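*Asks:* Below is the structure I would like to discuss, written out as structure tokens.
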Amino acid sequence: MVIQRRLASGFTRVLNWNFSSLRSKTDALKIEYEIEGKKSELTVPFVWLRDHCTSSKCFHAPTNQRKANCTDLFSRSKVERKDQVKLSENNSIFIDWIDGHRSEFHIDELLGKAISKNQCVKSVRKLWNHAELEKVPEISSKSLDLKKFSENLVKYGVVVINDVKPTAEGTEQLCKSLVPVHDTFFGQFWVFSNSATEDEPAYEDTAYGNDGIGPHTDGTYFNQTPGIQVFHCLQPAKSGGDTVLVDSFHCAEKLKNEHPADFETLVNTKISHHYLEGSPPGSSICSVSLEKPVIEIDSSGNITQVRFNPYDRAPFNCLSSNKSDSLKAIQFYEAYDKFSRLCHSAENAVKISLQPGSVIFIDNFRVLHSRTAFQGYRKMCGCYLSRDNFYAKARPFLSKNIAQFV
Ligand SMILES: C[N+](C)(C)CCCC[C@H](N)C(=O)O
Ligand SMILES: O=C(O)CCC(=O)C(=O)O
């Protein structure tokens, strides 16, 4: 049945629909539609449609929560006769289900929910290397523009807020006003240096010394990785102690282009990280993550998280009596080595010298941080912030074309 509708251009128009069979004769609806003159079709299982019914019986609009618990979806998702499906003037599809319930689906709403937007994620992030990020984006705390802050963090994975009171209290206040803290055993808010005191407690980690530390993400040994890393250098070192940043998504994309098999290996091999404190190791703090991939991707292939910390890797207990496991270990090391080289390449690094008054926010799922060795006393403060809560708060601020993809 062909339906002609006159609509203003730019709107979606349903051209045709029919029953379609996937597993049984009539378990899906094939919808042919047109957007700006471009024809497409989509086969929508009836069970999907029933699951997305937004009638007040199935959906609680004030909370945007479904009412159904999915225990009887299939028995309710039956449509046997063609006259149980109707198309309205305004491109809504009505379905009268076997149990007498009626659902309405407007085509734009249906397509908006059915088709993944993940293909567009890449256009929102601006991946960078040394040449492409001339300067870490900065904004002032004096007229703190949350939209600008959020957009920079989403785009570049890093942003600096200037004109902050150069105290731990001032920093903590600023952070907590932006996003809820992501607490860990290091505490909600930390003050640390290379010379431990009661106010600047040290943990058994290189961060509390003055050696250089290579690029890494923090908290790889947690299943809930800290989302946003915040640093404020309250007292810079006499020399050294610079921060070096690397966009690991850029490195991962480069790996994917140049060595696709190695990229796949890092996506498909799961490894574990640990943080062990005490004597014997792990007797006072024993944080061990489940096995997770170094590069995590979504169902469209977009990179969603990099967990990279060569230092904090747990024993790689991947071997067995089966030789193919040993071969897989070699493949992993080859891939990890290539990725690590990219993460350590000067071509991909951006150096910044943190100063009192400037607080840096780093997306710990994406941007690696490292520190050069230093001489003299150096005092830092900071915290982890919840990335989920950042996005929950930021999406309404972000321009629509960014918000729907992150
Ligand atoms: C940030 N803070 C100073 C509290 C802890 C630093 C921990 C660094 C650690 N190797 C890791 O990767 O997590
Ligand atoms: O001291 C620094 O600048 C950063 C140390 C570090 O890498 C960390 O805390 O994760």
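Residue names in the structure tokens use chain letters A, B, ... in the order shown, residue numbers from 1 in each chain, and ligand numbers from 1 in the order shown.
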Output the neighbourhood of ligand 2 as a list in words, that is, all protein and nucleic acid residues with some atom at most 7 Å from the ligand, counting only C-alpha atoms and all ligand atoms.

*Replies:*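 Within the 7 Å cut-off, the matching residues are Ala207, Ile213, Asp218, Gly241, Asp242, Thr243, His369, Ser370, Arg371 and Met380 of chain A.
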
*Asks:* At a cut-off of 10 Å and counting only C-alpha atoms and all ligand atoms, what residues surround ligand 1? Please answer as a VMD selection string.

*Replies:* chain A and resid 184 to 193 201 to 208 213 215 to 222 225 to 226 229 to 231 273 to 275 307 to 313 369 380 to 384

*Asks:* List every residue of stretch 129-208 of chain A that has an atom at most 10 Å from any atom of stretch 328-352 of chain A, and for each one report the closest atom pair and its distance in Å to one decimal, counting only C-alpha atoms, with rows sorted by chain and then by increasing residue number, as CSV.

*Replies:*
```
residue,atom,partner,partner_atom,distance
A:Asn129,CA,A:Asn348,CA,4.2
A:His130,CA,A:Asn348,CA,4.8
A:Ala131,CA,A:Glu347,CA,7.3
A:Glu132,CA,A:Asn348,CA,9.1
A:Leu133,CA,A:Val350,CA,7.3
A:Glu134,CA,A:Val350,CA,8.1
A:Lys135,CA,A:Val350,CA,7.9
A:Val136,CA,A:Ile352,CA,7.9
```

*Asks:* Give the helix (DSSP H, G or I) residues of stretch 63-241 of chain A, as DSSP finds them on the backbone, and put them as JSON, numbers by chain.

*Replies:* {"A": [73, 74, 75, 76, 82, 83, 84, 107, 108, 109, 110, 111, 112, 113, 114, 118, 119, 120, 121, 122, 123, 124, 146, 147, 148, 149, 150, 151, 152, 153, 154, 155, 156, 168, 169, 170, 171, 172, 173, 174, 175, 176, 177, 178, 206, 207, 208]}

*Asks:* With C-alpha atoms retained, export the selected residues as a PDB file, in the first residue's frame.

*Replies:*
```
ATOM      1  CA  LEU A  73       6.515  -8.860  25.699  1.00  0.00           C
ATOM      2  CA  PHE A  74       6.253 -11.518  23.002  1.00  0.00           C
ATOM      3  CA  SER A  75       2.716 -12.580  23.792  1.00  0.00           C
ATOM      4  CA  ARG A  76       1.628  -8.928  23.646  1.00  0.00           C
ATOM      5  CA  LYS A  82      -3.115  -5.828   8.077  1.00  0.00           C
ATOM      6  CA  ASP A  83      -5.999  -3.662   9.250  1.00  0.00           C
ATOM      7  CA  GLN A  84      -4.442  -3.699  12.716  1.00  0.00           C
ATOM      8  CA  ILE A 107       8.001   8.072  12.285  1.00  0.00           C
ATOM      9  CA  ASP A 108      10.572  10.686  13.413  1.00  0.00           C
ATOM     10  CA  GLU A 109      10.375   9.485  16.978  1.00  0.00           C
ATOM     11  CA  LEU A 110      10.576   5.869  15.890  1.00  0.00           C
ATOM     12  CA  LEU A 111      13.658   6.432  13.728  1.00  0.00           C
ATOM     13  CA  GLY A 112      15.251   8.561  16.449  1.00  0.00           C
ATOM     14  CA  LYS A 113      14.977   5.679  18.877  1.00  0.00           C
ATOM     15  CA  ALA A 114      15.666   2.789  16.537  1.00  0.00           C
ATOM     16  CA  ASN A 118      27.055   6.322  17.219  1.00  0.00           C
ATOM     17  CA  GLN A 119      28.251   6.767  13.662  1.00  0.00           C
ATOM     18  CA  CYS A 120      28.390  10.512  14.384  1.00  0.00           C
ATOM     19  CA  VAL A 121      30.509  10.418  17.534  1.00  0.00           C
ATOM     20  CA  LYS A 122      33.684  11.079  15.592  1.00  0.00           C
ATOM     21  CA  SER A 123      32.485  14.450  14.366  1.00  0.00           C
ATOM     22  CA  VAL A 124      32.019  15.638  17.958  1.00  0.00           C
ATOM     23  CA  LEU A 146      29.774  25.733  32.048  1.00  0.00           C
ATOM     24  CA  LYS A 147      28.830  25.296  28.421  1.00  0.00           C
ATOM     25  CA  LYS A 148      32.318  26.269  27.287  1.00  0.00           C
ATOM     26  CA  PHE A 149      33.904  24.108  29.975  1.00  0.00           C
ATOM     27  CA  SER A 150      31.818  21.094  28.975  1.00  0.00           C
ATOM     28  CA  GLU A 151      32.287  21.542  25.244  1.00  0.00           C
ATOM     29  CA  ASN A 152      36.061  21.751  25.586  1.00  0.00           C
ATOM     30  CA  LEU A 153      36.227  18.694  27.803  1.00  0.00           C
ATOM     31  CA  VAL A 154      34.077  16.719  25.374  1.00  0.00           C
ATOM     32  CA  LYS A 155      35.936  17.945  22.280  1.00  0.00           C
ATOM     33  CA  TYR A 156      39.553  17.831  23.443  1.00  0.00           C
ATOM     34  CA  ALA A 168      43.527  23.271  48.255  1.00  0.00           C
ATOM     35  CA  GLU A 169      40.254  24.633  49.709  1.00  0.00           C
ATOM     36  CA  GLY A 170      39.662  26.897  46.699  1.00  0.00           C
ATOM     37  CA  THR A 171      40.310  24.016  44.324  1.00  0.00           C
ATOM     38  CA  GLU A 172      38.056  21.624  46.192  1.00  0.00           C
ATOM     39  CA  GLN A 173      35.270  24.172  46.239  1.00  0.00           C
ATOM     40  CA  LEU A 174      35.581  24.765  42.496  1.00  0.00           C
ATOM     41  CA  CYS A 175      35.603  21.026  41.684  1.00  0.00           C
ATOM     42  CA  LYS A 176      32.624  20.218  43.872  1.00  0.00           C
ATOM     43  CA  SER A 177      30.664  23.088  42.365  1.00  0.00           C
ATOM     44  CA  LEU A 178      31.193  21.582  38.918  1.00  0.00           C
ATOM     45  CA  THR A 206      55.562   6.757  42.015  1.00  0.00           C
ATOM     46  CA  ALA A 207      53.233   9.777  42.009  1.00  0.00           C
ATOM     47  CA  TYR A 208      54.519  10.552  45.519  1.00  0.00           C
TER      48      TYR A 208
END
```

*Asks:* Find the residues near stretch 19-21 of chain A: any atom within 9 Å, counting only C-alpha atoms, skip ones fewer than 6 places away on the same chain, and give them as a PDB file with C-alpha atoms, in the first residue's frame.

*Replies:*
```pdb
ATOM      1  CA  ASP A  27       6.986 -10.670  13.382  1.00  0.00           C
ATOM      2  CA  ALA A  28       8.177  -7.385  11.902  1.00  0.00           C
ATOM      3  CA  LEU A  29       7.023  -4.289  10.098  1.00  0.00           C
ATOM      4  CA  LYS A  30       8.957  -3.148   7.049  1.00  0.00           C
ATOM      5  CA  ILE A  31       8.730   0.608   6.766  1.00  0.00           C
ATOM      6  CA  THR A  43      12.537  -3.628   9.359  1.00  0.00           C
ATOM      7  CA  VAL A  44      11.227  -3.130  12.869  1.00  0.00           C
ATOM      8  CA  PRO A  45      10.389  -6.239  14.926  1.00  0.00           C
ATOM      9  CA  LYS A  82      -3.115  -5.828   8.077  1.00  0.00           C
TER      10      LYS A  82
END
```

*Asks:* Pick the closest to A:Gln235 from A:Lys38, A:Lys78, A:Arg66, A:Arg378: which is it, counting only C-alpha atoms?

*Replies:*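 Result for the nearest residue to A:Gln235: A:Arg378.
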